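File shown here: structure27.pdb, holding PDB, C-alpha atoms.
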```
MODEL        1
ATOM      1  CA  MET X   1     120.708  84.888 135.832
ATOM      2  CA  GLY X   2     123.723  87.129 135.240
ATOM      3  CA  ASP X   3     123.867  90.841 135.905
ATOM      4  CA  SER X   4     124.791  93.794 133.732
ATOM      5  CA  THR X   5     126.084  97.221 134.573
ATOM      6  CA  ALA X   6     124.392 100.491 133.684
ATOM      7  CA  THR X   7     126.354 103.690 133.287
ATOM      8  CA  THR X   8     124.499 106.554 134.988
ATOM      9  CA  LEU X   9     124.553 110.235 134.068
ATOM     10  CA  GLU X  10     127.199 110.840 136.747
ATOM     11  CA  GLY X  11     129.510 108.208 135.231
ATOM     12  CA  ARG X  12     129.042 105.598 137.965
ATOM     13  CA  GLU X  13     128.300 101.974 137.148
ATOM     14  CA  SER X  14     125.666  99.979 138.957
ATOM     15  CA  ALA X  15     124.578  96.373 138.566
ATOM     16  CA  VAL X  16     121.171  95.727 137.076
ATOM     17  CA  PRO X  17     119.458  92.404 136.386
ATOM     18  CA  ARG X  18     120.167  90.877 132.986
ATOM     19  CA  SER X  19     116.409  90.943 132.151
ATOM     20  CA  VAL X  20     116.403  94.727 132.563
ATOM     21  CA  ALA X  21     119.381  95.039 130.232
ATOM     22  CA  ASP X  22     117.694  92.755 127.706
ATOM     23  CA  ARG X  23     114.515  94.815 127.755
ATOM     24  CA  ALA X  24     116.490  98.018 127.283
ATOM     25  CA  GLU X  25     118.370  96.511 124.350
ATOM     26  CA  GLN X  26     115.124  95.279 122.796
ATOM     27  CA  GLY X  27     113.722  98.780 123.193
ATOM     28  CA  CYS X  28     116.663 100.157 121.263
ATOM     29  CA  LEU X  29     116.102  97.596 118.510
ATOM     30  CA  ARG X  30     112.444  98.560 118.286
ATOM     31  CA  ARG X  31     113.451 102.177 117.848
ATOM     32  CA  LEU X  32     115.811 101.140 115.077
ATOM     33  CA  ARG X  33     112.942  99.424 113.251
ATOM     34  CA  THR X  34     111.347 102.710 112.318
ATOM     35  CA  PRO X  35     110.566 102.939 108.579
ATOM     36  CA  ARG X  36     113.536 103.369 106.266
ATOM     37  CA  ARG X  37     113.558 105.765 103.369
ATOM     38  CA  PRO X  38     111.293 104.287 100.678
ATOM     39  CA  ARG X  39     112.838 103.288  97.371
ATOM     40  CA  LEU X  40     111.109 104.745  94.344
ATOM     41  CA  TRP X  41     111.425 101.742  92.033
ATOM     42  CA  PHE X  42     110.132  99.407  94.726
ATOM     43  CA  GLU X  43     107.152 101.627  95.542
ATOM     44  CA  ILE X  44     106.123 101.944  91.890
ATOM     45  CA  LEU X  45     106.364  98.176  91.456
ATOM     46  CA  LEU X  46     104.521  97.517  94.707
ATOM     47  CA  ILE X  47     101.642  99.849  93.874
ATOM     48  CA  ALA X  48     101.305  98.470  90.341
ATOM     49  CA  VAL X  49     101.365  94.823  91.439
ATOM     50  CA  SER X  50      99.048  95.483  94.395
ATOM     51  CA  TYR X  51      96.429  97.245  92.298
ATOM     52  CA  TRP X  52      96.631  94.578  89.607
ATOM     53  CA  THR X  53      96.167  91.872  92.262
ATOM     54  CA  TYR X  54      93.281  93.749  93.864
ATOM     55  CA  SER X  55      91.501  94.173  90.532
ATOM     56  CA  LEU X  56      92.112  90.534  89.620
ATOM     57  CA  VAL X  57      90.762  89.197  92.912
ATOM     58  CA  ARG X  58      87.827  91.635  92.992
ATOM     59  CA  ASN X  59      86.737  90.734  89.495
ATOM     60  CA  ALA X  60      87.301  87.023  90.154
ATOM     61  CA  VAL X  61      84.636  87.063  92.871
ATOM     62  CA  PRO X  62      81.577  85.326  91.363
ATOM     63  CA  GLU X  63      78.924  87.744  90.175
ATOM     64  CA  GLN X  64      76.123  86.382  92.327
ATOM     65  CA  LYS X  65      73.435  88.491  90.722
ATOM     66  CA  ALA X  66      70.410  87.032  92.491
ATOM     67  CA  GLU X  67      71.990  87.250  95.937
ATOM     68  CA  ALA X  68      73.397  90.718  95.210
ATOM     69  CA  LEU X  69      69.947  92.002  94.256
ATOM     70  CA  ARG X  70      68.391  90.447  97.376
ATOM     71  CA  ASN X  71      71.043  92.121  99.522
ATOM     72  CA  ALA X  72      70.394  95.447  97.787
ATOM     73  CA  ASP X  73      66.665  95.156  98.541
ATOM     74  CA  TRP X  74      67.510  94.365 102.162
ATOM     75  CA  ILE X  75      69.841  97.371 102.455
ATOM     76  CA  TRP X  76      67.232  99.671 100.896
ATOM     77  CA  GLU X  77      64.497  98.456 103.255
ATOM     78  CA  LEU X  78      66.825  98.810 106.239
ATOM     79  CA  GLU X  79      67.642 102.388 105.311
ATOM     80  CA  GLN X  80      63.945 103.146 104.908
ATOM     81  CA  HIS X  81      63.337 101.717 108.362
ATOM     82  CA  LEU X  82      66.141 103.905 109.755
ATOM     83  CA  GLY X  83      64.834 106.972 107.911
ATOM     84  CA  ILE X  84      68.031 107.548 105.918
ATOM     85  CA  ALA X  85      66.892 106.247 102.515
ATOM     86  CA  VAL X  86      67.416 109.496 100.607
ATOM     87  CA  GLU X  87      69.608 108.111  97.825
ATOM     88  CA  ARG X  88      66.842 108.088  95.219
ATOM     89  CA  SER X  89      65.859 111.687  95.931
ATOM     90  CA  VAL X  90      69.478 112.831  95.641
ATOM     91  CA  ASN X  91      69.912 110.786  92.471
ATOM     92  CA  HIS X  92      66.886 112.357  90.759
ATOM     93  CA  ALA X  93      67.699 115.890  91.940
ATOM     94  CA  VAL X  94      71.242 115.785  90.564
ATOM     95  CA  ASP X  95      70.170 114.101  87.341
ATOM     96  CA  SER X  96      67.957 117.095  86.554
ATOM     97  CA  VAL X  97      71.068 119.326  86.257
ATOM     98  CA  THR X  98      72.988 117.998  83.278
ATOM     99  CA  TRP X  99      76.310 119.794  83.779
ATOM    100  CA  LEU X 100      76.358 118.775  87.446
ATOM    101  CA  VAL X 101      75.630 115.103  86.930
ATOM    102  CA  VAL X 102      78.087 114.824  84.020
ATOM    103  CA  GLY X 103      80.764 116.415  86.197
ATOM    104  CA  MET X 104      79.984 113.928  88.964
ATOM    105  CA  ASN X 105      80.282 111.032  86.527
ATOM    106  CA  TYR X 106      83.805 112.096  85.597
ATOM    107  CA  TYR X 107      84.624 112.808  89.251
ATOM    108  CA  TYR X 108      83.627 109.231  90.113
ATOM    109  CA  ALA X 109      85.742 107.811  87.315
ATOM    110  CA  THR X 110      88.954 109.796  87.777
ATOM    111  CA  LEU X 111      89.581 111.492  91.140
ATOM    112  CA  HIS X 112      89.376 108.187  92.995
ATOM    113  CA  PHE X 113      92.748 107.307  91.438
ATOM    114  CA  VAL X 114      94.282 110.726  90.785
ATOM    115  CA  VAL X 115      93.944 112.098  94.319
ATOM    116  CA  THR X 116      95.013 108.862  95.998
ATOM    117  CA  LEU X 117      98.154 108.574  93.877
ATOM    118  CA  GLY X 118      98.835 112.271  94.395
ATOM    119  CA  VAL X 119      98.738 111.878  98.178
ATOM    120  CA  LEU X 120     101.048 108.846  97.981
ATOM    121  CA  VAL X 121     103.571 110.823  95.916
ATOM    122  CA  TRP X 122     103.368 113.747  98.338
ATOM    123  CA  LEU X 123     103.937 111.424 101.298
ATOM    124  CA  TYR X 124     106.909 109.827  99.564
ATOM    125  CA  ARG X 125     108.568 113.186  98.924
ATOM    126  CA  ALA X 126     107.611 115.235 101.984
ATOM    127  CA  HIS X 127     107.061 112.643 104.734
ATOM    128  CA  PRO X 128     109.304 109.629 104.033
ATOM    129  CA  GLY X 129     109.307 108.585 107.690
ATOM    130  CA  ARG X 130     105.516 108.297 107.684
ATOM    131  CA  TYR X 131     105.108 106.963 104.177
ATOM    132  CA  ALA X 132     105.395 103.223 104.862
ATOM    133  CA  ALA X 133     102.979 103.246 107.800
ATOM    134  CA  THR X 134     100.404 105.372 105.991
ATOM    135  CA  ARG X 135     100.735 103.254 102.869
ATOM    136  CA  LEU X 136     100.182 100.165 105.032
ATOM    137  CA  VAL X 137      96.854 101.639 106.144
ATOM    138  CA  LEU X 138      95.742 102.090 102.545
ATOM    139  CA  PHE X 139      96.835  98.633 101.435
ATOM    140  CA  THR X 140      95.275  96.887 104.438
ATOM    141  CA  THR X 141      92.016  98.773 103.913
ATOM    142  CA  THR X 142      91.904  97.698 100.286
ATOM    143  CA  GLY X 143      92.814  94.111 101.119
ATOM    144  CA  VAL X 144      90.119  93.639 103.743
ATOM    145  CA  ALA X 145      87.539  95.099 101.345
ATOM    146  CA  LEU X 146      88.005  92.024  99.171
ATOM    147  CA  ALA X 147      86.489  89.928 101.941
ATOM    148  CA  GLY X 148      83.415  92.138 101.855
ATOM    149  CA  TYR X 149      83.006  91.687  98.113
ATOM    150  CA  TYR X 150      83.114  87.916  98.518
ATOM    151  CA  LEU X 151      81.005  87.555 101.670
ATOM    152  CA  PHE X 152      78.360  90.157 100.886
ATOM    153  CA  PRO X 153      77.752  90.626  97.141
ATOM    154  CA  LEU X 154      75.716  93.775  96.659
ATOM    155  CA  ALA X 155      74.164  95.378  93.612
ATOM    156  CA  PRO X 156      74.461  99.173  93.339
ATOM    157  CA  PRO X 157      71.174 101.111  93.442
ATOM    158  CA  ARG X 158      71.273 101.812  89.693
ATOM    159  CA  LEU X 159      70.946  98.061  88.981
ATOM    160  CA  MET X 160      68.039  97.409  91.324
ATOM    161  CA  ASN X 161      64.771  96.214  89.823
ATOM    162  CA  GLY X 162      61.807  98.548  90.015
ATOM    163  CA  ARG X 163      63.264 100.964  92.552
ATOM    164  CA  GLY X 164      63.387 103.976  90.241
ATOM    165  CA  PHE X 165      67.114 104.779  90.377
ATOM    166  CA  ILE X 166      68.772 106.418  87.362
ATOM    167  CA  ASP X 167      72.052 105.117  85.951
ATOM    168  CA  THR X 168      73.491 108.555  85.204
ATOM    169  CA  VAL X 169      76.328 107.193  83.080
ATOM    170  CA  MET X 170      73.989 105.356  80.761
ATOM    171  CA  VAL X 171      71.466 108.198  80.528
ATOM    172  CA  HIS X 172      74.013 110.945  79.817
ATOM    173  CA  GLU X 173      76.386 108.726  77.830
ATOM    174  CA  THR X 174      79.468 109.681  79.798
ATOM    175  CA  TRP X 175      82.423 107.529  80.759
ATOM    176  CA  GLY X 176      82.001 107.535  84.491
ATOM    177  CA  SER X 177      81.903 103.993  85.800
ATOM    178  CA  MET X 178      83.773 100.772  85.146
ATOM    179  CA  ALA X 179      80.483  98.968  85.708
ATOM    180  CA  SER X 180      78.421 100.648  82.999
ATOM    181  CA  GLY X 181      78.259 100.563  79.221
ATOM    182  CA  ASP X 182      80.950  98.699  77.323
ATOM    183  CA  LEU X 183      83.209  98.630  80.401
ATOM    184  CA  LYS X 184      80.870  96.527  82.512
ATOM    185  CA  ASN X 185      82.535  93.292  81.427
ATOM    186  CA  MET X 186      85.838  94.499  82.892
ATOM    187  CA  SER X 187      84.540  94.949  86.433
ATOM    188  CA  ASN X 188      82.423  93.023  88.907
ATOM    189  CA  GLN X 189      79.159  94.979  89.024
ATOM    190  CA  TYR X 190      78.016  93.356  92.245
ATOM    191  CA  ALA X 191      80.868  94.434  94.522
ATOM    192  CA  ALA X 192      79.439  97.627  96.007
ATOM    193  CA  MET X 193      80.026  96.828  99.685
ATOM    194  CA  PRO X 194      82.256  98.287 101.038
ATOM    195  CA  SER X 195      82.847 101.455  99.041
ATOM    196  CA  MET X 196      86.529 101.956  98.398
ATOM    197  CA  HIS X 197      85.742 105.363  96.933
ATOM    198  CA  ILE X 198      84.937 106.312 100.517
ATOM    199  CA  GLY X 199      87.714 104.258 102.112
ATOM    200  CA  TRP X 200      90.372 105.849  99.911
ATOM    201  CA  SER X 201      88.944 109.374 100.046
ATOM    202  CA  VAL X 202      88.722 109.381 103.852
ATOM    203  CA  TRP X 203      92.312 108.096 103.970
ATOM    204  CA  CYS X 204      93.353 110.990 101.710
ATOM    205  CA  GLY X 205      91.407 113.516 103.768
ATOM    206  CA  LEU X 206      92.801 112.375 107.123
ATOM    207  CA  THR X 207      96.351 112.287 105.779
ATOM    208  CA  ILE X 208      96.135 115.792 104.307
ATOM    209  CA  VAL X 209      94.496 117.305 107.389
ATOM    210  CA  ALA X 210      96.974 115.639 109.756
ATOM    211  CA  LEU X 211     100.194 116.440 107.900
ATOM    212  CA  THR X 212      99.831 119.685 105.967
ATOM    213  CA  ALA X 213     100.200 123.105 107.553
ATOM    214  CA  VAL X 214      98.554 125.079 104.734
ATOM    215  CA  PRO X 215      95.034 126.056 105.898
ATOM    216  CA  TRP X 216      93.283 126.018 102.523
ATOM    217  CA  VAL X 217      94.816 122.643 101.651
ATOM    218  CA  ARG X 218      93.539 121.238 104.930
ATOM    219  CA  VAL X 219      90.065 122.541 104.099
ATOM    220  CA  LEU X 220      90.190 120.832 100.698
ATOM    221  CA  GLY X 221      91.374 117.643 102.372
ATOM    222  CA  ALA X 222      88.441 117.710 104.766
ATOM    223  CA  LEU X 223      85.925 118.417 101.992
ATOM    224  CA  TYR X 224      87.193 115.740  99.610
ATOM    225  CA  PRO X 225      85.579 112.689 101.326
ATOM    226  CA  VAL X 226      82.362 114.670 101.830
ATOM    227  CA  ALA X 227      82.180 115.486  98.122
ATOM    228  CA  THR X 228      82.967 111.862  97.281
ATOM    229  CA  LEU X 229      80.094 110.673  99.458
ATOM    230  CA  VAL X 230      77.677 112.958  97.628
ATOM    231  CA  VAL X 231      78.985 111.761  94.251
ATOM    232  CA  ILE X 232      78.698 108.018  94.919
ATOM    233  CA  VAL X 233      75.112 108.486  96.122
ATOM    234  CA  ALA X 234      74.027 110.954  93.431
ATOM    235  CA  THR X 235      75.281 108.699  90.635
ATOM    236  CA  ALA X 236      73.472 105.681  92.198
ATOM    237  CA  ASN X 237      76.690 103.696  92.499
ATOM    238  CA  HIS X 238      76.431 103.177  96.270
ATOM    239  CA  PHE X 239      74.155 103.301  99.296
ATOM    240  CA  TRP X 240      74.988 105.352 102.362
ATOM    241  CA  LEU X 241      75.739 102.106 104.199
ATOM    242  CA  ASP X 242      78.359 101.174 101.601
ATOM    243  CA  ALA X 243      80.210 104.260 102.790
ATOM    244  CA  VAL X 244      79.968 103.035 106.385
ATOM    245  CA  GLY X 245      81.538  99.767 105.268
ATOM    246  CA  GLY X 246      84.403 101.663 103.658
ATOM    247  CA  VAL X 247      85.067 103.614 106.862
ATOM    248  CA  LEU X 248      85.075 100.395 108.925
ATOM    249  CA  CYS X 249      87.664  98.873 106.586
ATOM    250  CA  LEU X 250      89.770 102.014 106.956
ATOM    251  CA  ALA X 251      89.546 101.809 110.752
ATOM    252  CA  PHE X 252      90.842  98.243 110.534
ATOM    253  CA  GLY X 253      93.753  99.482 108.406
ATOM    254  CA  TYR X 254      94.722 102.097 110.981
ATOM    255  CA  GLY X 255      94.520  99.457 113.698
ATOM    256  CA  VAL X 256      96.941  97.205 111.844
ATOM    257  CA  ALA X 257      99.405 100.073 111.339
ATOM    258  CA  LEU X 258      99.165 100.991 115.032
ATOM    259  CA  LEU X 259      99.954  97.430 116.093
ATOM    260  CA  TRP X 260     102.788  97.068 113.562
ATOM    261  CA  TYR X 261     104.587 100.331 114.279
ATOM    262  CA  GLY X 262     103.495 100.894 117.877
ATOM    263  CA  SER X 263     102.327 104.377 116.948
ATOM    264  CA  GLY X 264      99.822 106.125 114.752
ATOM    265  CA  PRO X 265     101.210 106.725 111.230
ATOM    266  CA  TYR X 266     101.061 110.500 111.601
ATOM    267  CA  ALA X 267     102.904 110.451 114.952
ATOM    268  CA  LEU X 268     106.014 108.854 113.454
ATOM    269  CA  PRO X 269     109.062 111.043 112.669
ATOM    270  CA  ARG X 270     108.766 112.947 109.420
ATOM    271  CA  THR X 271     112.200 111.910 108.171
ATOM    272  CA  VAL X 272     114.209 108.703 108.377
ATOM    273  CA  GLY X 273     117.850 107.730 108.706
ATOM    274  CA  SER X 274     120.165 108.073 105.762
ATOM    275  CA  GLY X 275     120.903 104.346 105.627
ATOM    276  CA  ARG X 276     122.559 101.499 107.511
ATOM    277  CA  GLY X 277     124.523 102.848 110.401
ATOM    278  CA  GLY X 278     123.153 106.341 109.811
ATOM    279  CA  PRO X 279     121.218 108.401 112.291
ATOM    280  CA  VAL X 280     117.641 107.422 113.008
ATOM    281  CA  ALA X 281     115.009 110.112 113.131
ATOM    282  CA  GLY X 282     113.775 110.818 116.602
ATOM    283  CA  THR X 283     117.069 109.925 118.377
ATOM    284  CA  PRO X 284     118.527 112.418 120.891
ATOM    285  CA  ALA X 285     120.460 115.377 119.582
ATOM    286  CA  ARG X 286     124.257 115.411 119.665
ATOM    287  CA  GLY X 287     125.764 116.380 122.977
ATOM    288  CA  ARG X 288     122.798 115.185 125.007
ATOM    289  CA  ARG X 289     123.731 112.579 127.632
ATOM    290  CA  VAL X 290     121.348 109.683 128.091
ATOM    291  CA  PRO X 291     121.551 106.536 130.190
ATOM    292  CA  ALA X 292     123.499 103.855 128.369
ATOM    293  CA  VAL X 293     123.210 100.116 128.963
ATOM    294  CA  ARG X 294     126.353  98.037 128.721
ATOM    295  CA  ARG X 295     126.494  94.283 129.014
ATOM    296  CA  GLN X 296     129.056  92.576 131.210
ATOM    297  CA  SER X 297     129.732  88.877 131.068
ATOM    298  CA  PRO X 298     129.289  87.029 134.369
ATOM    299  CA  PRO X 299     132.523  85.939 136.073
TER     300      PRO X 299
ENDMDL
END
```

Have the structure of the file written as structure tokens, please.
Amino acid sequence: MGDSTATTLEGRESAVPRSVADRAEQGCLRRLRTPRRPRLWFEILLIAVSYWTYSLVRNAVPEQKAEALRNADWIWELEQHLGIAVERSVNHAVDSVTWLVVGMNYYYATLHFVVTLGVLVWLYRAHPGRYAATRLVLFTTTGVALAGYYLFPLAPPRLMNGRGFIDTVMVHETWGSMASGDLKNMSNQYAAMPSMHIGWSVWCGLTIVALTAVPWVRVLGALYPVATLVVIVATANHFWLDAVGGVLCLAFGYGVALLWYGSGPYALPRTVGSGRGGPVAGTPARGRRVPAVRRQSPP
């Protein structure tokens, strides 16, 4: 094995094993693999194609109605055993206040997309160095949810037989769910586990709380997934345990990003280098001397 020389802070050169030099060089390469500045056209195309693929795969999962209803009965009985089966009470209480339940129907139908896209745009503009890693979390979370839809078909509470849940969209004739009314043929009605309303809203909340410095915005970010949880239960679109499934998928997404980037998404540098050969965010400031590794061929 050949040796290399390392230049110390005092300017002296000392021999170091080639393996040490290789590891140092690999470390430099890893630092250079930090996310580059995202390209707008690519991100728009990626998001559009990814959502189209997700919708296609989700709706291609067979609507196993009988099994989905059996699973829903099992979930409901499990929650009763655990003492957390309060969905029906919440559903009936909210349904008695027309303006509230109608507002929740529209919340369910719109904010799921509007807030998530808004956070992605904000990340792209204000935190380009963290955008790719945080986007990876969202995409991985959504991707792994597809496995849940296939392996565990689940009917939402509003479609259960004889359980007394109210389909608030049907009763109040509002457009609030892709699985109700004339829109039901466009979406798989038996893909309630896990809840991506919760997976996406918790992702939004964590991202806002971690990266914004404005106190009232952080409060809104923290409240958003809580409000979403109340909405999905009150409108009888999900069980509490569907929300747990969404959080588990999100945890998997963060784990993938941590392994890929070697750091949590929010711990990455806020900005990125200007391009090939440009400075990389997080490198030492100009004028600061650091140990340099220089290779020397063996004689």

- Message: Need to verify the contact set: segment 221-238 of chain X, 9 Å, all atoms listed in the file, exclusion of same-chain residues closer than 4 positions in sequence. Can you return it as number ranges by chain?
- Response: X: 86-95, 101, 104-105, 107-108, 112, 155-159, 165-169, 177, 192-195, 197-209, 216-217, 242-243

- Long-range neighbours of segment 76-78 of chain X as a PyMOL selection string, 10 Å cut-off, all atoms listed in the file, 5 positions minimum in chain: chain X and resi 70-71+83-87+157+160+163+239-241

- Message: Can you translate the PyMOL selection byres ((chain X and resi 255) around 12) into the concrete residues it hits in this file, as a list in words?
- Response: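 In the shown coordinates, the PyMOL selection byres ((chain X and resi 255) around 12) covers Ala133, Thr134, Leu136, Val137, Leu138, Thr140, Thr141, Leu248, Cys249, Leu250, Ala251, Phe252, Gly253, Tyr254, Val256, Ala257, Leu258, Leu259, Trp260, Tyr261, Gly262, Ser263, Gly264 and Pro265 of chain X.
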
Box time for segment 109-126 of chain X: axis-aligned, enclosing all its listed atoms, 4 Å extra on each side; report centre and edge lengths in Å to one decimal, as JSON.
```
{"center_x": 97.2, "center_y": 111.3, "center_z": 94.6, "size_x": 30.8, "size_y": 15.9, "size_z": 22.7}
```

- Message: Between atom CA of Ala213 of chain X and atom CA of Ala126 of chain X, what is the distance in Å, rounded to a tenth?
- Response: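 Separation of atom CA of Ala213 of chain X and atom CA of Ala126 of chain X: 12.2 Å.
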
- Message: Please compute the atom CA of Leu111 of chain X-atom CA of Met196 of chain X distance, one decimal, in Å.
- Response: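 If I compute the distance from atom CA of Leu111 of chain X to atom CA of Met196 of chain X, I get 12.4 Å.
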
- Message: Rounded to one decimal, what separation in Å do you get between atom CA of Pro153 of chain X and atom CA of Lys65 of chain X?
- Response: 8.0 Å

- Could you give me, as a ChimeraX atom specification, the residues within 10 Å of His127 of chain X, counting all atoms listed in the file and dropping anything in the same chain fewer than 6 positions from it? /X:37,120-121,134,211,266,268-272

- Message: Give me, as a list in words, all polymer residues having an atom no more than 8 Å from Leu154 of chain X, counting all atoms listed in the file and skipping those fewer than 4 positions away in the same chain.
- Response: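 So, after excluding close chain neighbours, the residues are Glu67, Ala68, Leu69, Asn71, Ala72, Tyr149, Tyr190, Ala191, Ala192 and Met193 of chain X.
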